[in-house]
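Undergrad: Below you'll find the structure I mean.
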Amino acid sequence: MSDNKEFVKEITNMDEDFAQWYTDVIRKTDLVDYSPVKGFMVIKPYGYAIWENIQQYLDIRFKQTGHKNMYFPLLIPESLLNKEKEHVEGFAPEVAWVTHGGDNELGEKLCIRPTSETIICHMYSKWLKSYRELPYLNNQWCSVVRWEKATRPFLRTSEFLWQEGHTLHETEQEAQDETIQMLNIYSEMAKELLAIPMVSGIKSEKEKFAGAEATYTIEALMHDGKALQSGTSHNLAQHFTKAFDITYLDRNSKLQHPYHTSWGVSTRLIGGLIMVHSDNRGLVLPPRVAPTQVVIVPVMQKKAGVLDRAYELKKELQDLGVRVDLDDSPNYSPGWKFNEYEMKGVPIRIEIGPRDIKNGVAMVARRDTLTKDQYELEGIGEAMKTLLENVHEDMYNKALAMREEKTYIVETYDELKDKMNTKPGFAKAMWCGCDECEAKIKSDTGATIRCMPFEQEKLSETCLVCGEKADKMVYLARAY
């Protein structure tokens, strides 16, 4: 018990200071470290392994839907960035510029990509000639730089890792289908891999991506009641293809501009993963994304046969495709190891000692529920595979219950203002669609329209703010 008390002291209570709790969890679990440049982070092996699992899941899904990976340059000439007016205005405050090559001043400034629409469209304009080449279904895995004033690891950093898909299509409908298909893949990834329920919908005009015809989003709710935009998919229509003069000969030998989409998720998903599932003891990781799904901790490992049986158990799990570690380090006590792997969010811990082996059993601890049960060693591998699936489902259902508890209907503007201060979460309300009401909500409450969900409800006939006729139900929340 003394180990547990000491352990808990190292992490701030989330209900007392959520921001400090988040920082403590990230630093204590060795996910990242701060670099010499403010706002840039070093992702350490444990944090990067989580990103690799997200990347692997999505890369398979992208390729199953016909997409191919490419890579485009880091630097973009200023003249290209300026080609789409709305786009450059949206990103200008965050752009980092390269002005010198060695000792020589460059003839044209080069921006470090904040996103790659401009360079990719430039190249597409060189390549595309005929309708026979369409669709272009491409994606790249890379990092981008957006010079943020206030940063927080994973959630908002000046450089972050992401993927950005960029596709071209013959028809408006094909582009729209692509936009929704990729949004659905993101939503499925959140549920199937991260155990996070999402609200899917369309952004308001004010909140959409700079240069998009329409932006679609998946929104998650964090433990503190704030929303996190977790992935976006943009129907760019012909905005960029006209600006960059991307044309092709159609089926009637006439020049046409193709329809364009882009879509992306980033390492901020890891921040969401932490803030949805973790607790005052540290990380709680869903099994499918956890770098280590099961850790084996031998007890009294110097006793004859303990390590041998522990390694047999490790091999049994490995052969079943389980990501498993065995900690036989002599430098730390079993109690210290229990706390360490609990803090790092390993979904299942197996404890095995001389008495367990004699009785043909092992003790199994679940990180999500902090419960411990005895399992027969015979067939334990298959039992752990089943348990990992149960852990994932239980974590998803717990996150869904948390979101539902923090989601409410607001019928008056005063009620919205009160709820945002006393019970932060998702507020569902009717909106007339005008910019003035949207701006007033943000100014008065700090909340923004997160999306107009695909699943609309008619909560009332009138706008929450102005009382005029309203036909759009929106999700409102303060957000990261």
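Labels used: A, B, ... for chains in the order of the structure tokens, numbers from 1 for residues in each chain, and numbers from 1 for ligands as shown.
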Write out as a PDB file with C-alpha atoms, in the first residue's frame each polymer residue whose atoms come within 10 Å of Ile54 of chain A, counting only C-alpha atoms; drop sequence neighbours fewer than 3 positions from it.

TA:
ATOM      1  CA  TYR A  48       5.774   6.894 -30.759  1.00  0.00           C
ATOM      2  CA  ALA A  49       4.675   3.243 -30.482  1.00  0.00           C
ATOM      3  CA  ILE A  50       1.107   4.472 -29.867  1.00  0.00           C
ATOM      4  CA  TRP A  51       1.323   6.624 -33.005  1.00  0.00           C
ATOM      5  CA  TYR A  57      -4.463   0.752 -38.663  1.00  0.00           C
ATOM      6  CA  LEU A  58      -5.157   3.719 -40.932  1.00  0.00           C
ATOM      7  CA  ASP A  59      -2.559   2.812 -43.550  1.00  0.00           C
ATOM      8  CA  MET A 189     -10.714   3.933 -36.143  1.00  0.00           C
ATOM      9  CA  ALA A 190     -11.671   5.910 -33.047  1.00  0.00           C
ATOM     10  CA  LEU A 193      -8.755   1.135 -32.043  1.00  0.00           C
ATOM     11  CA  LEU A 194      -8.971   3.952 -29.487  1.00  0.00           C
ATOM     12  CA  VAL A 265      -5.691  13.103 -38.454  1.00  0.00           C
ATOM     13  CA  SER A 266      -2.664  13.828 -36.293  1.00  0.00           C
ATOM     14  CA  THR A 267      -0.816  12.994 -33.101  1.00  0.00           C
ATOM     15  CA  LEU A 269      -5.353  11.750 -31.174  1.00  0.00           C
ATOM     16  CA  ILE A 270      -2.900  10.628 -28.484  1.00  0.00           C
ATOM     17  CA  ARG A 288      -5.666  -2.522 -29.463  1.00  0.00           C
ATOM     18  CA  VAL A 289      -3.539   0.646 -29.439  1.00  0.00           C
ATOM     19  CA  ALA A 290      -1.375  -0.101 -26.382  1.00  0.00           C
TER      20      ALA A 290
END

Undergrad: Write out as a ChimeraX atom specification the residues lying within 12 Å of segment 83-86 of chain A, counting only C-alpha atoms and excluding same-chain residues fewer than 4 positions away.

TA: /A:76-79,90-92,117-119,121-122,208-213,236,238-245

Undergrad: Would you save the residues of that selection, restricted to C-alpha atoms, as a PDB file, in the first residue's frame?

TA:
ATOM      1  CA  ILE A  76       6.673  25.572 -50.347  1.00  0.00           C
ATOM      2  CA  PRO A  77       7.410  28.769 -52.304  1.00  0.00           C
ATOM      3  CA  GLU A  78       5.520  31.829 -51.116  1.00  0.00           C
ATOM      4  CA  SER A  79       4.021  32.299 -54.578  1.00  0.00           C
ATOM      5  CA  GLY A  90      -6.377  31.147 -42.869  1.00  0.00           C
ATOM      6  CA  PHE A  91      -2.808  29.970 -42.319  1.00  0.00           C
ATOM      7  CA  ALA A  92      -0.742  33.186 -42.568  1.00  0.00           C
ATOM      8  CA  GLU A 117      -2.701  21.528 -50.548  1.00  0.00           C
ATOM      9  CA  THR A 118      -0.647  24.116 -52.446  1.00  0.00           C
ATOM     10  CA  ILE A 119       2.419  22.025 -53.299  1.00  0.00           C
ATOM     11  CA  CYS A 121      -2.038  20.955 -56.349  1.00  0.00           C
ATOM     12  CA  HIS A 122       0.960  22.426 -58.144  1.00  0.00           C
ATOM     13  CA  LYS A 208     -14.587  25.099 -41.773  1.00  0.00           C
ATOM     14  CA  PHE A 209     -11.102  24.622 -43.251  1.00  0.00           C
ATOM     15  CA  ALA A 210      -9.708  27.664 -45.079  1.00  0.00           C
ATOM     16  CA  GLY A 211     -10.487  27.133 -48.756  1.00  0.00           C
ATOM     17  CA  ALA A 212     -12.995  24.297 -48.326  1.00  0.00           C
ATOM     18  CA  GLU A 213     -16.483  24.027 -49.740  1.00  0.00           C
ATOM     19  CA  LEU A 236     -12.628  21.300 -51.490  1.00  0.00           C
ATOM     20  CA  GLN A 238     -12.945  23.156 -57.381  1.00  0.00           C
ATOM     21  CA  HIS A 239     -11.522  25.959 -55.234  1.00  0.00           C
ATOM     22  CA  PHE A 240      -7.930  24.762 -55.433  1.00  0.00           C
ATOM     23  CA  THR A 241      -8.129  23.066 -58.812  1.00  0.00           C
ATOM     24  CA  LYS A 242      -9.219  26.359 -60.410  1.00  0.00           C
ATOM     25  CA  ALA A 243      -6.659  28.414 -58.464  1.00  0.00           C
ATOM     26  CA  PHE A 244      -3.879  26.055 -59.542  1.00  0.00           C
ATOM     27  CA  ASP A 245      -5.236  25.512 -63.054  1.00  0.00           C
TER      28      ASP A 245
END

Undergrad: Quick one: residues within 9 Å of Gly271 of chain A, only C-alpha atoms counted, chain neighbours fewer than 2 positions away excluded, as a list in words?

TA: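 Result of the neighbour search: Tyr22, Pro153, Phe154, Leu155, Thr267, Arg268, Leu269, Leu273, Ile274, Met275 and Val276 of chain A.
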
Undergrad: Mind checking which residues fall within 10 Å of Glu378 of chain A, counting only C-alpha atoms, ignoring those fewer than 5 positions away in the same chain, and posting them as a PDB file with N, CA and C atoms, in the first residue's frame?

TA:
ATOM      1  N   GLY A 360      -0.826 -24.108 -10.389  1.00  0.00           N
ATOM      2  CA  GLY A 360      -1.288 -24.051 -11.773  1.00  0.00           C
ATOM      3  C   GLY A 360      -2.118 -22.831 -12.097  1.00  0.00           C
ATOM      4  N   VAL A 361      -1.807 -21.698 -11.430  1.00  0.00           N
ATOM      5  CA  VAL A 361      -2.591 -20.475 -11.634  1.00  0.00           C
ATOM      6  C   VAL A 361      -1.656 -19.271 -11.792  1.00  0.00           C
ATOM      7  N   ALA A 362      -2.233 -18.141 -12.134  1.00  0.00           N
ATOM      8  CA  ALA A 362      -1.535 -16.852 -12.144  1.00  0.00           C
ATOM      9  C   ALA A 362      -2.542 -15.777 -11.767  1.00  0.00           C
ATOM     10  N   ALA A 383      -7.420 -17.199 -22.909  1.00  0.00           N
ATOM     11  CA  ALA A 383      -8.220 -16.430 -21.937  1.00  0.00           C
ATOM     12  C   ALA A 383      -7.819 -14.960 -21.950  1.00  0.00           C
TER      13      ALA A 383
END

Undergrad: For segment 214-218 of chain A, find every residue with an atom within 7 Å (counting only C-alpha atoms), except residues of its own chain fewer than 4 positions away, and show them as a ChimeraX atom specification.

TA: /A:187,198-203,208-209,229-236

Undergrad: Output N, CA and C atoms of each residue in that selection to a file, as an mmCIF file, in the first residue's frame.

TA:
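selection.cif, freshly written:
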data_model
loop_
_atom_site.group_PDB
_atom_site.id
_atom_site.type_symbol
_atom_site.label_atom_id
_atom_site.label_comp_id
_atom_site.auth_asym_id
_atom_site.auth_seq_id
_atom_site.Cartn_x
_atom_site.Cartn_y
_atom_site.Cartn_z
ATOM 1 N N SER A 187 -13.886 7.709 -37.924
ATOM 2 C CA SER A 187 -14.805 7.407 -36.828
ATOM 3 C C SER A 187 -14.689 5.943 -36.407
ATOM 4 N N MET A 198 -17.368 9.006 -31.068
ATOM 5 C CA MET A 198 -17.285 10.293 -31.748
ATOM 6 C C MET A 198 -18.659 10.789 -32.164
ATOM 7 N N VAL A 199 -18.808 12.102 -32.198
ATOM 8 C CA VAL A 199 -19.945 12.749 -32.844
ATOM 9 C C VAL A 199 -19.466 13.207 -34.217
ATOM 10 N N SER A 200 -20.156 12.801 -35.266
ATOM 11 C CA SER A 200 -19.766 13.156 -36.632
ATOM 12 C C SER A 200 -20.738 14.170 -37.204
ATOM 13 N N GLY A 201 -20.209 15.123 -37.975
ATOM 14 C CA GLY A 201 -21.086 16.098 -38.593
ATOM 15 C C GLY A 201 -20.314 17.085 -39.436
ATOM 16 N N ILE A 202 -21.010 18.136 -39.856
ATOM 17 C CA ILE A 202 -20.427 19.159 -40.725
ATOM 18 C C ILE A 202 -20.130 20.414 -39.909
ATOM 19 N N LYS A 203 -19.013 21.046 -40.207
ATOM 20 C CA LYS A 203 -18.635 22.286 -39.541
ATOM 21 C C LYS A 203 -19.475 23.452 -40.075
ATOM 22 N N LYS A 208 -15.104 26.028 -40.764
ATOM 23 C CA LYS A 208 -14.587 25.099 -41.773
ATOM 24 C C LYS A 208 -13.142 25.438 -42.143
ATOM 25 N N PHE A 209 -12.478 24.486 -42.794
ATOM 26 C CA PHE A 209 -11.102 24.622 -43.251
ATOM 27 C C PHE A 209 -10.983 25.755 -44.273
ATOM 28 N N GLN A 229 -11.513 18.283 -31.504
ATOM 29 C CA GLN A 229 -11.649 17.943 -32.919
ATOM 30 C C GLN A 229 -10.594 16.892 -33.231
ATOM 31 N N SER A 230 -11.036 15.694 -33.606
ATOM 32 C CA SER A 230 -10.129 14.549 -33.666
ATOM 33 C C SER A 230 -9.768 14.108 -35.072
ATOM 34 N N GLY A 231 -10.453 14.638 -36.052
ATOM 35 C CA GLY A 231 -10.152 14.318 -37.447
ATOM 36 C C GLY A 231 -11.086 15.108 -38.336
ATOM 37 N N THR A 232 -10.604 15.516 -39.511
ATOM 38 C CA THR A 232 -11.442 16.283 -40.424
ATOM 39 C C THR A 232 -11.302 15.767 -41.850
ATOM 40 N N SER A 233 -12.367 15.930 -42.609
ATOM 41 C CA SER A 233 -12.386 15.551 -44.016
ATOM 42 C C SER A 233 -13.044 16.692 -44.778
ATOM 43 N N HIS A 234 -12.357 17.185 -45.809
ATOM 44 C CA HIS A 234 -12.782 18.402 -46.492
ATOM 45 C C HIS A 234 -13.172 18.137 -47.943
ATOM 46 N N ASN A 235 -14.350 18.593 -48.320
ATOM 47 C CA ASN A 235 -14.720 18.658 -49.727
ATOM 48 C C ASN A 235 -14.267 20.028 -50.214
ATOM 49 N N LEU A 236 -13.213 20.049 -51.021
ATOM 50 C CA LEU A 236 -12.628 21.300 -51.490
ATOM 51 C C LEU A 236 -13.222 21.763 -52.819
#

Undergrad: Please compute the atom CA of Ala447 of chain A-atom CA of Asp17 of chain A distance, one decimal, in Å.

TA: 20.2 Å

Undergrad: Would you give me, as CSV, each residue of segment 200-297 of chain A having an atom within 8 Å of an atom of segment 127-135 of chain A, along with its shortest atom pair and that distance in Å to one decimal, using only C-alpha atoms and sorting by chain and residue number?

TA:
residue,atom,partner,partner_atom,distance
A:Ile246,CA,A:Leu128,CA,7.2
A:Thr247,CA,A:Leu128,CA,6.9
A:Tyr248,CA,A:Lys129,CA,4.7
A:Leu249,CA,A:Ser130,CA,4.8
A:Asp250,CA,A:Tyr131,CA,5.2
A:Arg251,CA,A:Tyr131,CA,6.7

Undergrad: Write out as JSON, numbers by chain the set of residues from segment 306-474 of chain A that DSSP, computed on the backbone, places in alpha helix (DSSP H).

TA: {"A": [306, 307, 308, 309, 310, 311, 312, 313, 314, 315, 316, 317, 318, 319, 334, 335, 336, 337, 338, 339, 340, 341, 342, 343, 354, 355, 356, 357, 358, 359, 380, 381, 382, 383, 384, 385, 386, 387, 388, 389, 390, 391, 392, 393, 394, 395, 396, 397, 398, 399, 400, 401, 402, 403, 404, 405, 413, 414, 415, 416, 417, 418, 419, 420, 421, 422, 435, 436, 437, 438, 439, 440, 441, 442, 443, 444, 445]}

Undergrad: Rank nothing, just name the residue among A:Glu174, A:Asn421, A:Ala365, A:Glu382 nearest to Asp319 of chain A, using only C-alpha atoms.

TA: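 Counting only C-alpha atoms, the residue closest to Asp319 of chain A is A:Glu382.
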
Undergrad: Could you check which of A:Cys463, A:Phe72, A:Trp141, A:Arg156 is closest to Gln56 of chain A, using only C-alpha atoms?

TA: A:Trp141

Undergrad: Under the rule that only C-alpha atoms are counted, which of A:Arg403, A:Val295, A:Ser262, A:Val284 is the nearest residue to Leu370 of chain A?

TA: A:Val284

Undergrad: Find the residue from A:Leu168, A:Leu137, A:Met41, A:Ile196 that sits nearest to His257 of chain A; use only C-alpha atoms when measuring.

TA: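 Using only C-alpha atoms, the shortest distance to His257 of chain A belongs to A:Leu168.
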
Undergrad: Extract, using only C-alpha atoms, all DNA, RNA and protein residues at most 6 Å from segment 323-336 of chain A, discarding same-chain residues fewer than 5 positions from it, and format them as a list in words.

TA: Thr292, Gln293, Val294, Val295, Ile296 and Val297 of chain A

Undergrad: For the residues selected in the previous step, produce a file with N, CA and C atoms as a short mmCIF file (atom, residue, chain, number, x, y, z; two decimals), in the first residue's frame.

TA:
data_model
loop_
_atom_site.label_atom_id
_atom_site.label_comp_id
_atom_site.auth_asym_id
_atom_site.auth_seq_id
_atom_site.Cartn_x
_atom_site.Cartn_y
_atom_site.Cartn_z
N THR A 292 2.27 -2.21 -25.34
CA THR A 292 2.32 -3.50 -24.67
C THR A 292 0.93 -3.84 -24.18
N GLN A 293 0.39 -4.97 -24.61
CA GLN A 293 -0.96 -5.35 -24.19
C GLN A 293 -0.96 -6.12 -22.87
N VAL A 294 0.07 -6.92 -22.67
CA VAL A 294 0.19 -7.73 -21.45
C VAL A 294 1.64 -7.63 -20.96
N VAL A 295 1.81 -7.40 -19.67
CA VAL A 295 3.15 -7.46 -19.08
C VAL A 295 3.16 -8.58 -18.03
N ILE A 296 4.19 -9.39 -18.08
CA ILE A 296 4.36 -10.47 -17.10
C ILE A 296 5.39 -10.03 -16.08
N VAL A 297 5.02 -10.09 -14.81
CA VAL A 297 5.94 -9.73 -13.72
C VAL A 297 6.18 -10.97 -12.86
#

Undergrad: Taking only C-alpha atoms into account, name the residue in A:Arg27, A:His260, A:Arg113, A:Lys254 that is nearest to Asn138 of chain A.

TA: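 For Asn138 of chain A, the nearest of the candidates is A:His260.
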
Undergrad: Which distance in Å separates atom CA of Asn13 of chain A and atom CA of Gly47 of chain A, to one decimal?

TA: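 Rounded to one decimal, the two atoms are 22.0 Å apart.
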